[in-house]
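Some notes on the structure that comes next.
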Amino acid sequence: MIVCVAVVGHQNNPLYIQSFTDADDALKLHHIVHCSLDVVDERVNNPKRSGPTLNETFLGLLYPTENYKVYGYLTNTKVKFILVTTDLDVRDVDVRNFFKRFHAAYADAVSNPFHMPGKKITSRTFAERVSTIVKSFGFSSAG
Amino acid sequence: MGREVSESCIDSLLTEMVSTYCNRFYANKPELAARRIEAIGYQVGHQLSERYTMERPRFSDHLEAIKFICKDFWSELFKKQIDNLKTNHRGTFVLQDNRFRWLTRMSIDQSPENGASEEPSIMADNKAVQSMHLYFPCGIIRGALSNLGIPCAVSADISNLPACSFVVRIKA
């Protein structure tokens, strides 16, 4: 189950953070997202370790904590997408699909002429699309 | 996902935009009009670059990003690629389009009908008007490159229409 998605700008400024749990642990999730930014920077700036996947947008599992798994995705415009999930068996292809659809929703939200680049995304349509993508995460693998 | 707009609408919109900014909003201040038009182009380029880099892996250096502008980005915008790319390997690139789509409908008013050569002031006026129309695409290029992490300055050169060159100077 996805508990949190976040969009972080290229100066590590938060553009969109949304948590999907009922519990009141929004702050803890924000903290997890914040810590994962360091891992993203390390992955991107450390070419020796990455090898052939240096320039891929999907960064994969960033780090597992005791309850959560955190996945990262870095676009060409240096915008980072962070996904926090509590699922134990998450398929790589599901996460990639998720980020692909999330990126499309993000591109649409940013193309809004009333959106100011660098400021938070306030579009309700974007929030609804993200909810839909989150809800359908993992269900495609059923059956 | 492909909604389309007729090309003549785009042409008319761009012509009207330049004409409005030059003749109505900033009637006697062409530099301000030019800056405003370029800023609009900057925002458009910023947004378009996000959309058109979606499927691709990240660029490893500046040359890759410029090549992306010349090939994929230009094809998305103008259905053709940049015809010629030159660089001095020190941060300056010249992108030459031999038939720039937004200038194809513009008359090249170098008429020798009068017998006598055209007055230099009229020719200068024509050039000024034509160059106004290029601030928007310059802004688009600058916006796209800035969003890819490459701050730069872009200017256009129309010494021989309908070919058009865009000079990109990357800020160190």
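Note on naming: chains are A, B, ... as they come in the structure tokens, residues start from 1 per chain, ligands start from 1 in the order shown.
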Inset, instruction - Please determine the contact residues of chain B with respect to chain A at a cut-off of 10 Å, counting only C-alpha atoms, and supply them as a PyMOL selection string. - result: chain B and resi 43-44+46-60+65+144-149
Restrict the selected residues to N, CA and C atoms and save them as an mmCIF file, in the first residue's frame.
```cif
data_model
loop_
_atom_site.group_PDB
_atom_site.id
_atom_site.type_symbol
_atom_site.label_atom_id
_atom_site.label_comp_id
_atom_site.auth_asym_id
_atom_site.auth_seq_id
_atom_site.Cartn_x
_atom_site.Cartn_y
_atom_site.Cartn_z
ATOM 1 N N GLN B 43 8.596 30.678 -20.642
ATOM 2 C CA GLN B 43 7.677 29.825 -19.883
ATOM 3 C C GLN B 43 7.207 28.651 -20.736
ATOM 4 N N VAL B 44 6.915 28.930 -22.024
ATOM 5 C CA VAL B 44 6.450 27.854 -22.902
ATOM 6 C C VAL B 44 7.536 26.790 -23.060
ATOM 7 N N HIS B 46 9.948 26.124 -21.049
ATOM 8 C CA HIS B 46 10.093 25.445 -19.763
ATOM 9 C C HIS B 46 9.107 24.295 -19.655
ATOM 10 N N GLN B 47 7.839 24.574 -19.999
ATOM 11 C CA GLN B 47 6.813 23.543 -19.866
ATOM 12 C C GLN B 47 6.955 22.466 -20.926
ATOM 13 N N LEU B 48 7.287 22.877 -22.159
ATOM 14 C CA LEU B 48 7.400 21.887 -23.220
ATOM 15 C C LEU B 48 8.558 20.927 -22.950
ATOM 16 N N SER B 49 9.650 21.449 -22.393
ATOM 17 C CA SER B 49 10.796 20.569 -22.181
ATOM 18 C C SER B 49 10.453 19.488 -21.171
ATOM 19 N N GLU B 50 9.607 19.821 -20.189
ATOM 20 C CA GLU B 50 9.205 18.792 -19.224
ATOM 21 C C GLU B 50 8.451 17.678 -19.939
ATOM 22 N N ARG B 51 7.567 18.069 -20.845
ATOM 23 C CA ARG B 51 6.737 17.075 -21.510
ATOM 24 C C ARG B 51 7.551 16.245 -22.490
ATOM 25 N N TYR B 52 8.462 16.889 -23.248
ATOM 26 C CA TYR B 52 9.136 16.153 -24.308
ATOM 27 C C TYR B 52 10.336 15.362 -23.819
ATOM 28 N N THR B 53 10.758 15.566 -22.557
ATOM 29 C CA THR B 53 11.852 14.732 -22.073
ATOM 30 C C THR B 53 11.343 13.586 -21.234
ATOM 31 N N MET B 54 10.054 13.355 -21.270
ATOM 32 C CA MET B 54 9.487 12.363 -20.374
ATOM 33 C C MET B 54 10.027 10.966 -20.599
ATOM 34 N N GLU B 55 10.130 10.574 -21.842
ATOM 35 C CA GLU B 55 10.443 9.172 -22.097
ATOM 36 C C GLU B 55 11.932 8.899 -22.105
ATOM 37 N N ARG B 56 12.750 9.933 -22.028
ATOM 38 C CA ARG B 56 14.152 9.714 -22.311
ATOM 39 C C ARG B 56 15.001 9.578 -21.064
ATOM 40 N N PRO B 57 16.102 8.875 -21.156
ATOM 41 C CA PRO B 57 17.072 8.906 -20.052
ATOM 42 C C PRO B 57 17.704 10.284 -19.950
ATOM 43 N N ARG B 58 18.357 10.525 -18.846
ATOM 44 C CA ARG B 58 18.894 11.864 -18.604
ATOM 45 C C ARG B 58 20.100 12.138 -19.495
ATOM 46 N N PHE B 59 20.333 13.422 -19.742
ATOM 47 C CA PHE B 59 21.444 13.803 -20.607
ATOM 48 C C PHE B 59 22.743 13.826 -19.812
ATOM 49 N N SER B 60 23.818 13.357 -20.453
ATOM 50 C CA SER B 60 25.067 13.311 -19.707
ATOM 51 C C SER B 60 25.829 14.616 -19.807
ATOM 52 N N ALA B 65 22.159 17.644 -24.571
ATOM 53 C CA ALA B 65 20.939 18.435 -24.421
ATOM 54 C C ALA B 65 20.701 19.282 -25.669
ATOM 55 N N ALA B 144 13.640 25.948 -22.501
ATOM 56 C CA ALA B 144 13.861 24.505 -22.515
ATOM 57 C C ALA B 144 15.230 24.172 -21.941
ATOM 58 N N LEU B 145 16.265 24.906 -22.356
ATOM 59 C CA LEU B 145 17.607 24.607 -21.861
ATOM 60 C C LEU B 145 17.732 24.917 -20.378
ATOM 61 N N SER B 146 17.092 25.999 -19.920
ATOM 62 C CA SER B 146 17.176 26.307 -18.492
ATOM 63 C C SER B 146 16.539 25.216 -17.662
ATOM 64 N N ASN B 147 15.439 24.665 -18.137
ATOM 65 C CA ASN B 147 14.782 23.612 -17.389
ATOM 66 C C ASN B 147 15.636 22.350 -17.355
ATOM 67 N N LEU B 148 16.522 22.196 -18.352
ATOM 68 C CA LEU B 148 17.405 21.045 -18.349
ATOM 69 C C LEU B 148 18.675 21.328 -17.569
ATOM 70 N N GLY B 149 18.716 22.490 -16.914
ATOM 71 C CA GLY B 149 19.854 22.782 -16.065
ATOM 72 C C GLY B 149 20.983 23.512 -16.774
#
```
Inset, instruction - Using backbone DSSP assignments, extract all strand (DSSP E or B) residues from region 122-169 of chain B; output them as a list in words. - result: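 Residues of region 122-169 of chain B classed as strand (DSSP E or B): Cys152, Ala153, Val154, Ser155, Ala156, Asp157, Cys164, Ser165, Phe166, Val167, Val168 and Arg169 of chain B.
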Legend entry - Neighbour list for Val8 (chain A) as JSON, numbers by chain, cut-off 8 Å, only C-alpha atoms, skip fewer than 3 positions in-chain: {"A": [11, 12, 13, 14, 15, 16, 79, 80, 81, 82]}
Inset, instruction - Could you give me, as a PyMOL selection string, the residues within 8 Å of region 17-26 of chain A, counting only C-alpha atoms and dropping anything in the same chain fewer than 3 positions from it? - result: chain A and resi 2-7+14+29-30
For the selection you just gave me, I'd like the residues written to a file as a PDB file, in the first residue's frame, keeping N, CA, C and O atoms.
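File produced: part-v3.pdb:
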```pdb
ATOM      1  N   ILE A   2       0.549   2.129  -0.857  1.00  0.00           N
ATOM      2  CA  ILE A   2       1.364   3.358  -0.913  1.00  0.00           C
ATOM      3  C   ILE A   2       0.942   4.289   0.214  1.00  0.00           C
ATOM      4  O   ILE A   2      -0.251   4.551   0.394  1.00  0.00           O
ATOM      5  N   VAL A   3       1.904   4.761   0.963  1.00  0.00           N
ATOM      6  CA  VAL A   3       1.542   5.670   2.046  1.00  0.00           C
ATOM      7  C   VAL A   3       1.827   7.120   1.708  1.00  0.00           C
ATOM      8  O   VAL A   3       1.223   8.011   2.291  1.00  0.00           O
ATOM      9  N   CYS A   4       2.766   7.353   0.763  1.00  0.00           N
ATOM     10  CA  CYS A   4       3.127   8.738   0.519  1.00  0.00           C
ATOM     11  C   CYS A   4       3.770   8.885  -0.845  1.00  0.00           C
ATOM     12  O   CYS A   4       4.555   8.034  -1.248  1.00  0.00           O
ATOM     13  N   VAL A   5       3.400   9.952  -1.558  1.00  0.00           N
ATOM     14  CA  VAL A   5       4.136  10.302  -2.777  1.00  0.00           C
ATOM     15  C   VAL A   5       4.571  11.751  -2.631  1.00  0.00           C
ATOM     16  O   VAL A   5       3.883  12.546  -1.993  1.00  0.00           O
ATOM     17  N   ALA A   6       5.708  12.064  -3.242  1.00  0.00           N
ATOM     18  CA  ALA A   6       6.204  13.435  -3.124  1.00  0.00           C
ATOM     19  C   ALA A   6       6.880  13.841  -4.421  1.00  0.00           C
ATOM     20  O   ALA A   6       7.469  13.016  -5.117  1.00  0.00           O
ATOM     21  N   VAL A   7       6.756  15.124  -4.736  1.00  0.00           N
ATOM     22  CA  VAL A   7       7.474  15.708  -5.859  1.00  0.00           C
ATOM     23  C   VAL A   7       8.388  16.775  -5.276  1.00  0.00           C
ATOM     24  O   VAL A   7       7.924  17.654  -4.548  1.00  0.00           O
ATOM     25  N   PRO A  14      10.037  21.305  -1.823  1.00  0.00           N
ATOM     26  CA  PRO A  14       8.902  20.404  -2.028  1.00  0.00           C
ATOM     27  C   PRO A  14       7.856  21.047  -2.926  1.00  0.00           C
ATOM     28  O   PRO A  14       7.486  22.199  -2.733  1.00  0.00           O
ATOM     29  N   LEU A  29       6.382  10.866   7.564  1.00  0.00           N
ATOM     30  CA  LEU A  29       6.556  10.579   6.146  1.00  0.00           C
ATOM     31  C   LEU A  29       7.337  11.691   5.459  1.00  0.00           C
ATOM     32  O   LEU A  29       8.176  11.430   4.603  1.00  0.00           O
ATOM     33  N   HIS A  30       7.075  12.928   5.851  1.00  0.00           N
ATOM     34  CA  HIS A  30       7.844  14.024   5.273  1.00  0.00           C
ATOM     35  C   HIS A  30       9.318  13.844   5.586  1.00  0.00           C
ATOM     36  O   HIS A  30      10.186  14.088   4.757  1.00  0.00           O
TER      37      HIS A  30
END
```
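Taking CA of Asp38 (chain A) as the reference point, CA of Val95 (chain A) is found at 20.3 Å.
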Inset, instruction - Pick out the residues sitting within 12 Å of region 119-129 of chain B, and hand them over as JSON, numbers by chain; count only C-alpha atoms, and ignore anything fewer than 6 positions along from it in its own chain. - result: {"B": [15, 18, 19, 21, 22, 23, 30, 31, 33, 34, 103, 106, 107, 108, 109, 110, 111, 112, 135, 156, 157, 158, 159, 160, 161]}
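With CA of Ile66 (chain B) on one side and CA of Gln81 (chain B) on the other, the separation reads 12.0 Å.
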Inset, instruction - Could you tell me, as a ChimeraX atom specification, which residues of chain A DSSP assigns to alpha helix (DSSP H) when given the backbone? - result: /A:26-45,47-50,92-110,124-135
Restricting it to C-alpha atoms, dump the selection as a short mmCIF file (atom, residue, chain, number, x, y, z; two decimals), in the first residue's frame.
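The result, stored in part_28.cif:
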```
data_model
loop_
_atom_site.label_atom_id
_atom_site.label_comp_id
_atom_site.auth_asym_id
_atom_site.auth_seq_id
_atom_site.Cartn_x
_atom_site.Cartn_y
_atom_site.Cartn_z
CA ALA A 26 2.39 12.97 7.99
CA LEU A 27 5.43 14.47 9.66
CA LYS A 28 7.21 11.16 9.82
CA LEU A 29 6.56 10.58 6.15
CA HIS A 30 7.84 14.02 5.27
CA HIS A 31 10.98 13.20 7.19
CA ILE A 32 11.44 9.95 5.29
CA VAL A 33 11.04 11.79 2.00
CA HIS A 34 13.56 14.37 3.10
CA CYS A 35 16.13 11.75 4.02
CA SER A 36 15.66 9.97 0.72
CA LEU A 37 16.74 13.11 -1.14
CA ASP A 38 20.26 12.55 0.11
CA VAL A 39 20.23 9.05 -1.28
CA VAL A 40 19.04 10.37 -4.64
CA ASP A 41 21.90 12.86 -4.77
CA GLU A 42 24.38 10.18 -3.88
CA ARG A 43 23.07 7.81 -6.54
CA VAL A 44 23.22 10.44 -9.22
CA ASN A 45 26.60 11.90 -8.40
CA PRO A 47 29.04 7.24 -11.36
CA LYS A 48 31.33 4.44 -10.28
CA ARG A 49 28.56 2.59 -8.52
CA SER A 50 25.77 3.07 -11.00
CA ASP A 92 9.88 -3.47 -10.15
CA VAL A 93 7.70 -3.19 -13.20
CA ASP A 94 4.77 -1.97 -11.11
CA VAL A 95 6.84 0.84 -9.65
CA ARG A 96 8.14 1.80 -13.08
CA ASN A 97 4.60 1.91 -14.41
CA PHE A 98 3.57 4.00 -11.47
CA PHE A 99 6.29 6.54 -12.10
CA LYS A 100 5.50 6.67 -15.79
CA ARG A 101 1.89 7.59 -15.13
CA PHE A 102 2.92 9.93 -12.35
CA HIS A 103 5.33 11.70 -14.68
CA ALA A 104 2.59 12.15 -17.26
CA ALA A 105 0.30 13.65 -14.62
CA TYR A 106 3.13 15.90 -13.46
CA ALA A 107 3.87 17.11 -17.02
CA ASP A 108 0.20 17.99 -17.42
CA ALA A 109 0.12 19.82 -14.08
CA VAL A 110 3.22 21.83 -14.90
CA ARG A 124 -7.06 19.62 -7.82
CA THR A 125 -7.03 17.68 -11.07
CA PHE A 126 -3.46 16.64 -10.37
CA ALA A 127 -4.40 15.53 -6.86
CA GLU A 128 -7.28 13.45 -8.22
CA ARG A 129 -5.15 11.87 -10.91
CA VAL A 130 -2.50 11.00 -8.36
CA SER A 131 -5.14 9.38 -6.12
CA THR A 132 -6.35 7.30 -9.04
CA ILE A 133 -2.84 6.18 -9.90
CA VAL A 134 -2.11 5.36 -6.28
CA LYS A 135 -5.31 3.37 -5.90
#
```
Legend entry - Nearest-residue call for Ala172 (chain B), choices B:Ser75, B:Asn84, B:Thr92, B:Ser8, using only C-alpha atoms: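 Answer, going by the shortest atom-to-atom distance: B:Thr92.
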Legend entry - Interatomic distance (Å, one decimal) between CA of Gly45 (chain B) and CA of Cys138 (chain B):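 It comes out at 9.3 Å.
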Would you mind listing what lies within 10 Å of region 86-91 of chain B as an mmCIF file with N, CA, C and O atoms, in the first residue's frame, with only C-alpha atoms counted and same-chain residues fewer than 3 positions away left out?
```cif
data_model
loop_
_atom_site.group_PDB
_atom_site.id
_atom_site.type_symbol
_atom_site.label_atom_id
_atom_site.label_comp_id
_atom_site.auth_asym_id
_atom_site.auth_seq_id
_atom_site.Cartn_x
_atom_site.Cartn_y
_atom_site.Cartn_z
ATOM 1 N N HIS B 62 26.181 18.836 -21.894
ATOM 2 C CA HIS B 62 25.487 19.920 -22.582
ATOM 3 C C HIS B 62 25.239 19.593 -24.039
ATOM 4 O O HIS B 62 24.199 19.933 -24.605
ATOM 5 N N LEU B 63 26.202 18.928 -24.659
ATOM 6 C CA LEU B 63 26.054 18.648 -26.088
ATOM 7 C C LEU B 63 24.848 17.752 -26.331
ATOM 8 O O LEU B 63 24.093 17.936 -27.287
ATOM 9 N N VAL B 94 25.528 27.264 -32.655
ATOM 10 C CA VAL B 94 24.690 27.935 -33.650
ATOM 11 C C VAL B 94 23.771 26.890 -34.259
ATOM 12 O O VAL B 94 24.235 25.926 -34.867
ATOM 13 N N LEU B 95 22.469 27.093 -34.087
ATOM 14 C CA LEU B 95 21.493 26.155 -34.640
ATOM 15 C C LEU B 95 20.883 26.806 -35.866
ATOM 16 O O LEU B 95 20.253 27.860 -35.760
ATOM 17 N N GLN B 96 21.068 26.179 -37.006
ATOM 18 C CA GLN B 96 20.564 26.801 -38.225
ATOM 19 C C GLN B 96 19.401 26.002 -38.799
ATOM 20 O O GLN B 96 19.507 24.794 -39.023
ATOM 21 N N CYS B 152 21.508 29.903 -20.210
ATOM 22 C CA CYS B 152 22.130 30.346 -21.452
ATOM 23 C C CYS B 152 21.462 31.625 -21.925
ATOM 24 O O CYS B 152 20.475 32.074 -21.343
ATOM 25 N N VAL B 167 21.635 31.524 -31.993
ATOM 26 C CA VAL B 167 22.932 31.421 -31.351
ATOM 27 C C VAL B 167 22.714 31.233 -29.860
ATOM 28 O O VAL B 167 22.106 32.077 -29.197
ATOM 29 N N VAL B 168 23.213 30.115 -29.337
ATOM 30 C CA VAL B 168 23.041 29.781 -27.927
ATOM 31 C C VAL B 168 24.381 29.956 -27.242
ATOM 32 O O VAL B 168 25.360 29.307 -27.617
ATOM 33 N N ARG B 169 24.422 30.830 -26.239
ATOM 34 C CA ARG B 169 25.672 31.018 -25.481
ATOM 35 C C ARG B 169 25.433 30.518 -24.072
ATOM 36 O O ARG B 169 24.646 31.112 -23.325
ATOM 37 N N ILE B 170 26.133 29.471 -23.716
ATOM 38 C CA ILE B 170 25.926 28.875 -22.402
ATOM 39 C C ILE B 170 26.695 29.691 -21.379
ATOM 40 O O ILE B 170 27.876 30.002 -21.571
ATOM 41 N N LYS B 171 25.997 30.022 -20.283
ATOM 42 C CA LYS B 171 26.668 30.799 -19.235
ATOM 43 C C LYS B 171 27.500 29.844 -18.399
ATOM 44 O O LYS B 171 27.017 28.853 -17.891
ATOM 45 N N ALA B 172 28.729 30.192 -18.226
ATOM 46 C CA ALA B 172 29.645 29.270 -17.556
ATOM 47 C C ALA B 172 29.245 29.018 -16.113
ATOM 48 O O ALA B 172 28.817 29.928 -15.437
#
```
